[in-house]
$ cat protein_11.pdb   # PDB, C-alpha atoms
MODEL        1
ATOM      1  CA  MET A  25     128.672   5.950  41.831
ATOM      2  CA  ARG A  26     128.997   8.970  44.062
ATOM      3  CA  VAL A  27     131.584  11.432  42.875
ATOM      4  CA  VAL A  28     131.239  14.415  45.162
ATOM      5  CA  LEU A  29     127.513  14.562  45.337
ATOM      6  CA  SER A  30     124.820  12.499  43.681
ATOM      7  CA  TRP A  31     124.852  11.077  40.199
ATOM      8  CA  MET A  32     122.295  13.532  39.076
ATOM      9  CA  THR A  33     120.556  16.630  40.277
ATOM     10  CA  LEU A  34     116.966  17.048  41.358
ATOM     11  CA  VAL A  35     115.197  20.369  40.860
ATOM     12  CA  TRP A  36     111.611  21.505  41.106
ATOM     13  CA  THR A  37     111.167  22.114  37.378
ATOM     14  CA  ALA A  38     109.429  20.390  34.514
ATOM     15  CA  GLY A  39     110.969  17.786  32.263
ATOM     16  CA  VAL A  40     113.445  14.990  32.865
ATOM     17  CA  CYS A  41     117.006  14.440  31.690
ATOM     18  CA  TRP A  42     119.488  11.899  32.976
ATOM     19  CA  GLY A  43     123.038  12.190  34.274
ATOM     20  CA  ASP A  44     125.649  10.564  36.422
ATOM     21  CA  VAL A  45     127.368  13.260  38.468
ATOM     22  CA  GLY A  46     125.851  16.242  40.169
ATOM     23  CA  GLU A  47     124.073  17.553  43.188
ATOM     24  CA  ILE A  48     120.525  18.200  44.298
ATOM     25  CA  ARG A  49     119.207  21.721  44.268
ATOM     26  CA  ASN A  50     115.872  23.450  44.665
ATOM     27  CA  THR A  51     116.285  26.105  42.002
ATOM     28  CA  VAL A  52     112.742  27.352  41.616
ATOM     29  CA  GLY A  53     111.464  27.691  45.157
ATOM     30  CA  GLN A  54     108.612  25.906  46.822
ATOM     31  CA  PRO A  55     107.927  22.235  45.998
ATOM     32  CA  PRO A  56     104.643  21.148  44.433
ATOM     33  CA  GLU A  57     101.650  20.479  46.612
ATOM     34  CA  SER A  58     101.916  17.487  48.911
ATOM     35  CA  LYS A  59     100.447  14.220  47.704
ATOM     36  CA  PRO A  60      97.992  12.219  49.798
ATOM     37  CA  VAL A  61      99.793  10.421  52.595
ATOM     38  CA  LEU A  62     100.016   6.694  51.940
ATOM     39  CA  SER A  63     101.645   5.900  55.273
ATOM     40  CA  PRO A  64      99.411   4.961  58.209
ATOM     41  CA  PRO A  65      98.513   7.875  60.521
ATOM     42  CA  ILE A  66     100.608   8.293  63.636
ATOM     43  CA  PRO A  67      98.551   7.284  66.694
ATOM     44  CA  ALA A  68      98.983   8.485  70.279
ATOM     45  CA  GLU A  69      98.740   5.270  72.300
ATOM     46  CA  PRO A  70     100.829   4.727  75.460
ATOM     47  CA  TRP A  71     104.541   4.133  75.204
ATOM     48  CA  ALA A  72     105.719   0.849  73.764
ATOM     49  CA  GLN A  73     106.793  -1.730  76.326
ATOM     50  CA  ARG A  74     108.692  -3.976  73.920
ATOM     51  CA  VAL A  75     111.785  -3.666  71.762
ATOM     52  CA  ILE A  76     111.988  -3.325  68.006
ATOM     53  CA  PRO A  77     114.140  -5.929  66.221
ATOM     54  CA  ARG A  78     116.941  -4.369  64.256
ATOM     55  CA  GLY A  79     117.017  -7.027  61.560
ATOM     56  CA  ARG A  80     119.305  -6.081  58.659
ATOM     57  CA  ALA A  81     119.096  -2.344  59.372
ATOM     58  CA  ASP A  82     122.428  -0.588  59.887
ATOM     59  CA  CYS A  83     120.948   2.840  60.594
ATOM     60  CA  VAL A  84     117.914   4.595  62.027
ATOM     61  CA  LEU A  85     116.358   7.537  60.189
ATOM     62  CA  VAL A  86     114.735  10.148  62.438
ATOM     63  CA  VAL A  87     112.417  12.618  60.672
ATOM     64  CA  PRO A  88     109.761  15.163  61.622
ATOM     65  CA  ALA A  89     106.081  14.305  61.228
ATOM     66  CA  PRO A  90     104.760  16.326  58.240
ATOM     67  CA  PRO A  91     102.813  13.841  56.074
ATOM     68  CA  THR A  92     104.915  14.312  52.947
ATOM     69  CA  VAL A  93     108.149  13.794  54.903
ATOM     70  CA  VAL A  94     106.751  10.635  56.535
ATOM     71  CA  GLU A  95     105.663   9.288  53.160
ATOM     72  CA  TRP A  96     109.082  10.027  51.681
ATOM     73  CA  ALA A  97     110.837   8.372  54.629
ATOM     74  CA  HIS A  98     108.790   5.211  54.074
ATOM     75  CA  ASP A  99     109.872   5.184  50.440
ATOM     76  CA  ILE A 100     113.522   5.411  51.512
ATOM     77  CA  ALA A 101     112.951   2.567  53.979
ATOM     78  CA  ARG A 102     111.669   0.437  51.096
ATOM     79  CA  LEU A 103     114.890   1.119  49.178
ATOM     80  CA  ARG A 104     117.339   0.549  52.044
ATOM     81  CA  PRO A 105     117.107  -1.497  55.250
ATOM     82  CA  LEU A 106     116.695   1.057  58.026
ATOM     83  CA  LEU A 107     114.630   1.772  61.109
ATOM     84  CA  LEU A 108     112.249   4.726  60.984
ATOM     85  CA  VAL A 109     111.514   7.110  63.860
ATOM     86  CA  VAL A 110     109.137  10.088  63.593
ATOM     87  CA  TYR A 111     108.821  12.992  66.023
ATOM     88  CA  GLN A 112     106.411  15.885  66.424
ATOM     89  CA  GLU A 113     108.168  19.230  66.203
ATOM     90  CA  ARG A 114     108.825  20.848  69.549
ATOM     91  CA  ALA A 115     107.039  24.008  68.392
ATOM     92  CA  ILE A 116     103.798  22.041  67.947
ATOM     93  CA  THR A 117     103.694  20.239  71.267
ATOM     94  CA  ASN A 118     105.314  20.827  74.639
ATOM     95  CA  VAL A 119     105.395  17.087  75.339
ATOM     96  CA  PRO A 120     107.804  15.076  73.153
ATOM     97  CA  VAL A 121     105.809  12.803  70.853
ATOM     98  CA  VAL A 122     108.016  10.153  69.235
ATOM     99  CA  HIS A 123     106.974   7.058  67.305
ATOM    100  CA  ILE A 124     108.895   4.182  65.767
ATOM    101  CA  TRP A 125     107.716   2.083  62.840
ATOM    102  CA  ASP A 126     107.167  -1.556  63.733
ATOM    103  CA  SER A 127     107.525  -3.608  60.565
ATOM    104  CA  ALA A 128     106.133  -6.691  62.305
ATOM    105  CA  SER A 129     102.759  -5.118  63.079
ATOM    106  CA  GLN A 130     102.956  -2.594  60.214
ATOM    107  CA  ASP A 131     102.016   0.161  62.617
ATOM    108  CA  TRP A 132     103.480   3.016  64.636
ATOM    109  CA  LEU A 133     104.473   2.514  68.268
ATOM    110  CA  ARG A 134     104.720   5.496  70.543
ATOM    111  CA  ILE A 135     107.943   5.599  72.540
ATOM    112  CA  ALA A 136     109.518   7.918  75.083
ATOM    113  CA  SER A 137     112.336  10.047  73.717
ATOM    114  CA  GLN A 138     114.512   8.576  76.454
ATOM    115  CA  GLN A 139     113.936   5.095  75.015
ATOM    116  CA  PHE A 140     115.553   6.320  71.816
ATOM    117  CA  VAL A 141     118.372   8.185  73.581
ATOM    118  CA  THR A 142     119.382   5.145  75.634
ATOM    119  CA  GLY A 143     118.710   2.627  72.866
ATOM    120  CA  ALA A 144     116.309   0.680  75.080
ATOM    121  CA  ILE A 145     113.746   0.478  72.281
ATOM    122  CA  PHE A 146     116.089  -1.613  70.075
ATOM    123  CA  ASP A 147     117.032  -5.234  70.577
ATOM    124  CA  ARG A 148     120.389  -4.310  68.989
ATOM    125  CA  PRO A 149     120.922  -0.583  68.431
ATOM    126  CA  PRO A 150     122.044   0.213  64.860
ATOM    127  CA  PRO A 151     125.485   1.818  64.578
ATOM    128  CA  HIS A 152     124.378   4.813  62.481
ATOM    129  CA  ALA A 153     121.837   7.478  63.473
ATOM    130  CA  ILE A 154     120.531   9.982  60.892
ATOM    131  CA  LEU A 155     118.753  12.953  62.484
ATOM    132  CA  VAL A 156     116.701  15.243  60.223
ATOM    133  CA  GLY A 157     115.745  18.707  61.436
ATOM    134  CA  PRO A 158     117.338  21.604  63.319
ATOM    135  CA  ASP A 159     117.992  21.454  67.039
ATOM    136  CA  HIS A 160     115.020  23.610  67.991
ATOM    137  CA  LEU A 161     112.591  21.131  66.381
ATOM    138  CA  LEU A 162     114.032  17.889  67.733
ATOM    139  CA  PRO A 163     112.734  16.587  71.066
ATOM    140  CA  PRO A 164     114.955  17.262  74.095
ATOM    141  CA  GLY A 165     117.924  14.933  74.239
ATOM    142  CA  MET A 166     117.555  13.717  70.643
ATOM    143  CA  SER A 167     119.672  16.373  68.950
ATOM    144  CA  GLN A 168     122.948  14.907  70.205
ATOM    145  CA  LYS A 169     124.767  11.747  69.183
ATOM    146  CA  PRO A 170     123.229   8.780  71.035
ATOM    147  CA  SER A 171     125.617   6.790  73.202
ATOM    148  CA  TRP A 172     124.833   3.612  71.251
ATOM    149  CA  ALA A 173     125.624   5.116  67.822
ATOM    150  CA  THR A 174     129.129   4.967  66.408
ATOM    151  CA  LYS A 175     128.221   7.443  63.649
ATOM    152  CA  LEU A 176     125.876  10.431  63.530
ATOM    153  CA  THR A 177     124.645  12.261  60.430
ATOM    154  CA  ARG A 178     122.786  15.538  60.866
ATOM    155  CA  ILE A 179     120.501  16.898  58.135
ATOM    156  CA  PRO A 180     119.300  20.308  59.343
ATOM    157  CA  ARG A 181     117.011  21.106  56.403
ATOM    158  CA  VAL A 182     113.683  19.320  56.085
ATOM    159  CA  ASP A 183     112.836  19.956  52.417
ATOM    160  CA  LEU A 184     112.787  16.815  50.286
ATOM    161  CA  VAL A 185     115.542  17.963  47.936
ATOM    162  CA  SER A 186     118.035  18.575  50.750
ATOM    163  CA  MET A 187     117.129  15.317  52.463
ATOM    164  CA  VAL A 188     117.487  13.205  49.322
ATOM    165  CA  ASN A 189     120.805  14.840  48.497
ATOM    166  CA  ALA A 190     122.148  14.151  51.978
ATOM    167  CA  LEU A 191     120.955  10.538  52.018
ATOM    168  CA  ASN A 192     122.512   9.891  48.629
ATOM    169  CA  GLU A 193     125.856  10.673  50.255
ATOM    170  CA  ILE A 194     125.189   7.637  52.450
ATOM    171  CA  PHE A 195     123.184   5.249  50.282
ATOM    172  CA  SER A 196     124.382   6.072  46.713
ATOM    173  CA  PHE A 197     121.030   5.612  45.007
ATOM    174  CA  THR A 198     121.015   3.779  41.693
ATOM    175  CA  PRO A 199     119.728   5.316  38.437
ATOM    176  CA  SER A 200     116.506   3.307  38.656
ATOM    177  CA  GLU A 201     115.972   4.475  42.247
ATOM    178  CA  TRP A 202     116.505   8.083  41.177
ATOM    179  CA  ARG A 203     113.959   7.699  38.408
ATOM    180  CA  ALA A 204     111.427   6.195  40.810
ATOM    181  CA  LEU A 205     111.869   9.040  43.292
ATOM    182  CA  ALA A 206     111.705  11.646  40.534
ATOM    183  CA  GLU A 207     108.472  10.217  39.153
ATOM    184  CA  ARG A 208     106.857   9.917  42.568
ATOM    185  CA  TYR A 209     107.721  13.401  43.837
ATOM    186  CA  GLY A 210     107.829  15.418  40.633
ATOM    187  CA  PHE A 211     111.578  15.935  40.569
ATOM    188  CA  THR A 212     113.616  16.684  37.461
ATOM    189  CA  LEU A 213     116.862  14.804  36.925
ATOM    190  CA  ARG A 214     119.476  17.070  35.386
ATOM    191  CA  ASP A 215     122.724  15.827  33.892
ATOM    192  CA  LEU A 216     125.675  17.726  35.349
ATOM    193  CA  ASN A 217     128.311  15.575  33.700
ATOM    194  CA  GLU A 218     127.464  16.200  30.061
ATOM    195  CA  GLU A 219     130.517  18.367  29.377
ATOM    196  CA  ARG A 220     132.936  15.838  30.818
ATOM    197  CA  ARG A 221     131.493  12.996  28.751
ATOM    198  CA  ARG A 222     131.467  15.144  25.613
ATOM    199  CA  TRP A 223     135.122  16.186  25.761
ATOM    200  CA  GLY A 224     136.600  13.135  27.419
ATOM    201  CA  ARG A 225     138.750  12.700  30.441
ATOM    202  CA  TYR A 226     140.973  15.762  29.974
ATOM    203  CA  GLY A 227     138.290  18.303  29.017
ATOM    204  CA  ARG A 228     138.082  20.511  25.973
ATOM    205  CA  PRO A 229     140.823  20.516  23.292
ATOM    206  CA  GLY A 230     143.907  22.226  24.646
ATOM    207  CA  GLU A 231     142.887  21.548  28.238
ATOM    208  CA  GLY A 232     145.173  18.601  28.851
ATOM    209  CA  PRO A 233     146.153  17.200  32.208
ATOM    210  CA  PRO A 234     148.296  19.448  34.444
ATOM    211  CA  PRO A 235     152.083  18.956  34.227
ATOM    212  CA  PRO A 236     153.591  16.622  36.804
ATOM    213  CA  PRO A 237     155.267  18.230  39.826
ATOM    214  CA  PRO A 238     159.071  18.500  39.798
ATOM    215  CA  VAL A 239     161.074  15.653  41.275
ATOM    216  CA  PRO A 240     161.953  16.563  44.873
ATOM    217  CA  ARG A 241     165.650  16.894  45.696
ATOM    218  CA  GLY A 242     167.203  16.632  49.135
ATOM    219  CA  HIS A 243     169.195  19.465  50.703
ATOM    220  CA  ASP A 244     172.421  17.444  50.681
ATOM    221  CA  GLU A 245     172.043  16.226  47.150
ATOM    222  CA  MET A 246     174.370  17.987  44.666
ATOM    223  CA  PRO A 247     173.140  18.698  41.147
ATOM    224  CA  PRO A 248     174.756  16.559  38.439
ATOM    225  CA  ARG A 249     178.178  17.849  37.410
ATOM    226  CA  SER A 250     178.432  18.836  33.770
ATOM    227  CA  MET A 251     181.597  17.602  31.969
ATOM    228  CA  PRO A 252     183.076  19.842  29.237
ATOM    229  CA  THR A 253     182.999  18.343  25.756
ATOM    230  CA  PRO A 254     186.487  18.523  24.093
ATOM    231  CA  SER A 255     186.536  20.275  20.757
ATOM    232  CA  PRO A 256     188.227  18.472  17.816
ATOM    233  CA  SER A 257     191.797  19.555  16.885
ATOM    234  CA  PRO A 258     192.035  21.477  13.621
ATOM    235  CA  LEU A 259     193.776  19.695  10.729
ATOM    236  CA  SER A 260     196.917  21.253   9.248
ATOM    237  CA  GLU A 261     198.111  20.896   5.687
ATOM    238  CA  ASP A 262     200.814  18.399   6.779
ATOM    239  CA  SER A 263     198.383  16.238   8.728
ATOM    240  CA  PRO A 264     197.417  13.094   6.833
ATOM    241  CA  SER A 265     193.769  12.716   6.077
ATOM    242  CA  PRO A 266     191.948   9.663   7.438
ATOM    243  CA  ALA A 267     191.538   8.375   3.916
ATOM    244  CA  SER A 268     195.310   8.438   3.241
ATOM    245  CA  GLU A 269     196.031   6.579   6.485
ATOM    246  CA  ASP A 270     193.730   3.775   5.390
ATOM    247  CA  LYS A 271     195.828   3.295   2.314
TER     248      LYS A 271
ENDMDL
END
$ encode --input "protein_11.pdb" --output "structure tokens"
Amino acid sequence: MRVVLSWMTLVWTAGVCWGDVGEIRNTVGQPPESKPVLSPPIPAEPWAQRVIPRGRADCVLVVPAPPTVVEWAHDIARLRPLLLVVYQERAITNVPVVHIWDSASQDWLRIASQQFVTGAIFDRPPPHAILVGPDHLLPPGMSQKPSWATKLTRIPRVDLVSMVNALNEIFSFTPSEWRALAERYGFTLRDLNEERRRWGRYGRPGEGPPPPPPVPRGHDEMPPRSMPTPSPSPLSEDSPSPASEDK
């Protein structure tokens, strides 16, 4: 039910109210403290030598490795069929550390960044790649559109509010999904469409729809010619009245 942004707004405040049109904003500042990570820890075993089945996934979500972000990405993967790739920020390590989630083994597999860039890690590369994080954090070669992807979505900010807002543009989360995410991460859902529902389709009284545009007219088209209306002749004293003629 996406209008321009999401159907409701998420903010880091207290309280919950529902809505159906809006955007996601972080209006107060820093998010609450991170919750314990429920996702398995990311290991550092040698690179995977096998491919990951795509299954029903139409996109791959690539996120940095902070625990809260990884936990959130797993929650999104439970809501929508997608493949999940996690990378260590370039500022933390000089060697690219990239892992992909293997749903078959329910564990992380370490891969080379080149395996992602070429699509060799997938049995069938998904058509849509979603890259989260600015260029200076992404591993070398992973900040550009992969050759196997027909569509690329970049999300430069890594705060949860910005990421959820951007993904809603793609996945159009349902009201129940919004409520689940809000409860899990302490978001507030704010109705941004209250005024429109209160006053109806055309807004407040007196704020009707705009007038229609004028009918276009070609350069060679002449305006309609006005015909003069003849005025009635005055009656003289000798002129018979209509009533006398009837007799």
$ closest_residue --input "protein_11.pdb" --among "A:Phe146, A:Trp132, A:Phe195, A:Trp202" --to "Ile76 (chain A)" --atoms "all atoms listed in the file"
A:Phe146
$ closest_residue --input "protein_11.pdb" --among "A:Ala144, A:Leu205, A:Val84, A:Ala173" --to "Leu103 (chain A)" --atoms "all atoms listed in the file"
A:Leu205
$ closest_residue --input "protein_11.pdb" --among "A:Tyr111, A:Trp172, A:Phe140, A:Trp125" --to "Val156 (chain A)" --atoms "only C-alpha atoms"
A:Tyr111
$ residues_near_point --input "protein_11.pdb" --point "(115.5, 10.9, 75.7)" --cutoff "9 Å" --atoms "only C-alpha atoms" --output "PDB file with C-alpha atoms, keeping the file's coordinate frame"
ATOM      1  CA  ALA A 136     109.518   7.918  75.083  1.00  0.00           C
ATOM      2  CA  SER A 137     112.336  10.047  73.717  1.00  0.00           C
ATOM      3  CA  GLN A 138     114.512   8.576  76.454  1.00  0.00           C
ATOM      4  CA  GLN A 139     113.936   5.095  75.015  1.00  0.00           C
ATOM      5  CA  PHE A 140     115.553   6.320  71.816  1.00  0.00           C
ATOM      6  CA  VAL A 141     118.372   8.185  73.581  1.00  0.00           C
ATOM      7  CA  THR A 142     119.382   5.145  75.634  1.00  0.00           C
ATOM      8  CA  PRO A 163     112.734  16.587  71.066  1.00  0.00           C
ATOM      9  CA  PRO A 164     114.955  17.262  74.095  1.00  0.00           C
ATOM     10  CA  GLY A 165     117.924  14.933  74.239  1.00  0.00           C
ATOM     11  CA  MET A 166     117.555  13.717  70.643  1.00  0.00           C
TER      12      MET A 166
END
$ resolve_selection --input "protein_11.pdb" --expression "the PyMOL selection byres ((chain A and resi 151) around 12)" --output "short mmCIF file (atom, residue, chain, number, x, y, z; two decimals) with C-alpha atoms, in the coordinates of the input"
data_model
loop_
_atom_site.label_atom_id
_atom_site.label_comp_id
_atom_site.auth_asym_id
_atom_site.auth_seq_id
_atom_site.Cartn_x
_atom_site.Cartn_y
_atom_site.Cartn_z
CA ARG A 78 116.94 -4.37 64.26
CA ARG A 80 119.30 -6.08 58.66
CA ALA A 81 119.10 -2.34 59.37
CA ASP A 82 122.43 -0.59 59.89
CA CYS A 83 120.95 2.84 60.59
CA VAL A 84 117.91 4.60 62.03
CA LEU A 85 116.36 7.54 60.19
CA LEU A 106 116.70 1.06 58.03
CA LEU A 107 114.63 1.77 61.11
CA GLY A 143 118.71 2.63 72.87
CA PHE A 146 116.09 -1.61 70.08
CA ARG A 148 120.39 -4.31 68.99
CA PRO A 149 120.92 -0.58 68.43
CA PRO A 150 122.04 0.21 64.86
CA HIS A 152 124.38 4.81 62.48
CA ALA A 153 121.84 7.48 63.47
CA ILE A 154 120.53 9.98 60.89
CA LYS A 169 124.77 11.75 69.18
CA PRO A 170 123.23 8.78 71.04
CA SER A 171 125.62 6.79 73.20
CA TRP A 172 124.83 3.61 71.25
CA ALA A 173 125.62 5.12 67.82
CA THR A 174 129.13 4.97 66.41
CA LYS A 175 128.22 7.44 63.65
CA LEU A 176 125.88 10.43 63.53
CA THR A 177 124.64 12.26 60.43
#
$ atom_distance --input "protein_11.pdb" --atom1 "CA of Leu213 (chain A)" --atom2 "CA of Leu155 (chain A)"
25.7 Å
$ residues_around --input "protein_11.pdb" --residues "Val182 (chain A)" --least-positions-apart "2" --cutoff "12 Å" --atoms "only C-alpha atoms" --output "list in words"
Pro55, Val86, Val87, Pro88, Ala89, Pro90, Thr92, Val93, Val94, Trp96, Ala97, Glu113, Leu155, Val156, Gly157, Pro158, Asp159, Leu161, Leu162, Arg178, Ile179, Pro180, Leu184, Val185, Ser186, Met187, Val188, Asn189 and Ala190 of chain A
$ write_last_selection --input "protein_11.pdb" --atoms "C-alpha atoms" --output "mmCIF file, in the coordinates of the input"
data_model
loop_
_atom_site.group_PDB
_atom_site.id
_atom_site.type_symbol
_atom_site.label_atom_id
_atom_site.label_comp_id
_atom_site.auth_asym_id
_atom_site.auth_seq_id
_atom_site.Cartn_x
_atom_site.Cartn_y
_atom_site.Cartn_z
ATOM 1 C CA PRO A 55 107.927 22.235 45.998
ATOM 2 C CA VAL A 86 114.735 10.148 62.438
ATOM 3 C CA VAL A 87 112.417 12.618 60.672
ATOM 4 C CA PRO A 88 109.761 15.163 61.622
ATOM 5 C CA ALA A 89 106.081 14.305 61.228
ATOM 6 C CA PRO A 90 104.760 16.326 58.240
ATOM 7 C CA THR A 92 104.915 14.312 52.947
ATOM 8 C CA VAL A 93 108.149 13.794 54.903
ATOM 9 C CA VAL A 94 106.751 10.635 56.535
ATOM 10 C CA TRP A 96 109.082 10.027 51.681
ATOM 11 C CA ALA A 97 110.837 8.372 54.629
ATOM 12 C CA GLU A 113 108.168 19.230 66.203
ATOM 13 C CA LEU A 155 118.753 12.953 62.484
ATOM 14 C CA VAL A 156 116.701 15.243 60.223
ATOM 15 C CA GLY A 157 115.745 18.707 61.436
ATOM 16 C CA PRO A 158 117.338 21.604 63.319
ATOM 17 C CA ASP A 159 117.992 21.454 67.039
ATOM 18 C CA LEU A 161 112.591 21.131 66.381
ATOM 19 C CA LEU A 162 114.032 17.889 67.733
ATOM 20 C CA ARG A 178 122.786 15.538 60.866
ATOM 21 C CA ILE A 179 120.501 16.898 58.135
ATOM 22 C CA PRO A 180 119.300 20.308 59.343
ATOM 23 C CA LEU A 184 112.787 16.815 50.286
ATOM 24 C CA VAL A 185 115.542 17.963 47.936
ATOM 25 C CA SER A 186 118.035 18.575 50.750
ATOM 26 C CA MET A 187 117.129 15.317 52.463
ATOM 27 C CA VAL A 188 117.487 13.205 49.322
ATOM 28 C CA ASN A 189 120.805 14.840 48.497
ATOM 29 C CA ALA A 190 122.148 14.151 51.978
#
$ atom_distance --input "protein_11.pdb" --atom1 "CA of Glu95 (chain A)" --atom2 "CA of Val110 (chain A)"
11.0 Å
